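Here's the structure, in structure tokens; my notes come after.
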Amino acid sequence: MDAQTFAGLIARAGDKAYNFAYRLSGNEQDARDLVQESFMRALEHSGSYDPTRPFDSWLLRILHNVFLDGMRRHSHSRTVSLDAPAPVEDSGWADLLPEDEISSSDELVRRESLDILQKALERVPPLFKSAVVLCDIEGLSYEEIARVTDVPVGTVRSRIHQGRVLLRRAYETLEKSGGRVS
Amino acid sequence: MNDHIEGADISAFLDGALSSAERARADAHLTACDACRRELDSLRHFKLVVASAPRRTLPADLALSLERRCVGPQPRWTILTNPRLWIPMGAVAASALAFSVWARTAAPADELPLEPLLAAHERYSAEALVPQSHLVASSYTDQVTTLYADGSANGEE
């Protein structure tokens with residue numbers, strides 16, 4: 001694949017990759033870095049791309065790996081681990097959230113619904129978050145998500161549900177606190 | 001009814017990811033179980049909330065930067081083969097050609113030839129500084145001599 005062709009593919013998949021990166025990272029600068037690093041890796045390994053498969057999925061898989069690599073390298077203040085046990089019961093995940101993020105009285109800020117959603121996404125472990133984002137925001141099928149995240153479809157099914165439950169709980173917690181975040 | 005649908009199956013039902021047999025079982029259970037139906041409705045509502053997040057598009061400057069890095073620096077000769085540059089390059093070349101033609105052909109009409117003027121000036125200077133007796137004959141000297149000799153220069157008649 002020549003560089004011009006590759007640039008064309010990137011132009012077509014760029015928006016999807018950037019949106020995915022933004023939802024994973026939660027801010028523009030990290031999303032830009034993620035996308036840039038992903039495209040460079042994709043270009044570097046363009047020889048391993050199978051043209052019979054969707055380019056989008058291949059690129060998102062690279063981006064997902066770049067994201068997880070970054071999470072492993074740098075400790076994230078709001079992340080327990082990439083695959084922390086998913087406490088789907090009421091006594092679980094909320095207990096792991098830092099207290100000051102739930103009921104902070106400093107710098108009270110009223111967030112709109114979408115802001116709360118993005119904040120809630122940041123509170124979900126990366127592997128569950130990526131599954132939910134790929135399914136509900138990017139609209140990928142379970143099979144496509146399995147290819148992107150390199151896990152069996154059964155694992156995808158489990159992660160999507162647990163991710164939704166965690167996200168819903170974080171969202172409702174933030175909503176009840178009036179969108180107050182630290 | 002205690003035998004509820006597993007949570008992952010409720011999500012898969014919502015996403016249309018169950019097999020036909022699984023879906024038939026889930027349908028039958030949901031018809032009879034309020035708790036599972038409420039959970040399904042809640043997840044459906046929340047899925048819509050998540051899906052409503054506005055899509056972010058690749059910033060133009062980042063897209064341009066990526067494209068340049070992918071394609072790499074262009075050799076100079078490829079710039080000349082870029083059709084988008086043909087029109088402005090042609091316009092510049094035509095302008096340069098037109099200017100050079102105009103510069104060669106459009107000399108001012110009242111411009112005097114320089115060489116004859118210089119020659120006349122030198123001749124006049126020589127005749128004014130050299131004593132009259134040493135002057136060689138010239139048509140100009142003859143005219144001056146004739147003029148002063150007959151007094152016409154002073155208005156004498």
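Residue numbers start at 1 in each chain; chains themselves are named A, B, ... in the order of the structure tokens; ligands are numbered from 1 in the order shown.
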Query raised in the report: What residues in chain A lie within 7 Å of chain B, counting only C-alpha atoms, written as an NGL selection string?
Result: :A and (3-4 or 7 or 14-15 or 18-19 or 43 or 114 or 136-137 or 157-158 or 161 or 168)
Query raised in the report: To one decimal place, how far is CA of Ile145 in chain A from CA of Phe6 in chain A in Å?
Result: 22.9 Å
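The gap separating CA of Lys129 in chain A from CA of Leu24 in chain A is 7.2 Å, in Å to one decimal.
Coordinates place CA of Lys16 in chain A at a distance of 19.7 Å from CA of His45 in chain A.
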Query raised in the report: Between B:Ile5, B:Ala32, B:Leu14, B:Leu117, which one has atoms that come closest to Ile160 in chain A, using only C-alpha atoms?
Result: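 The answer is B:Leu14, which sits nearest to Ile160 in chain A.
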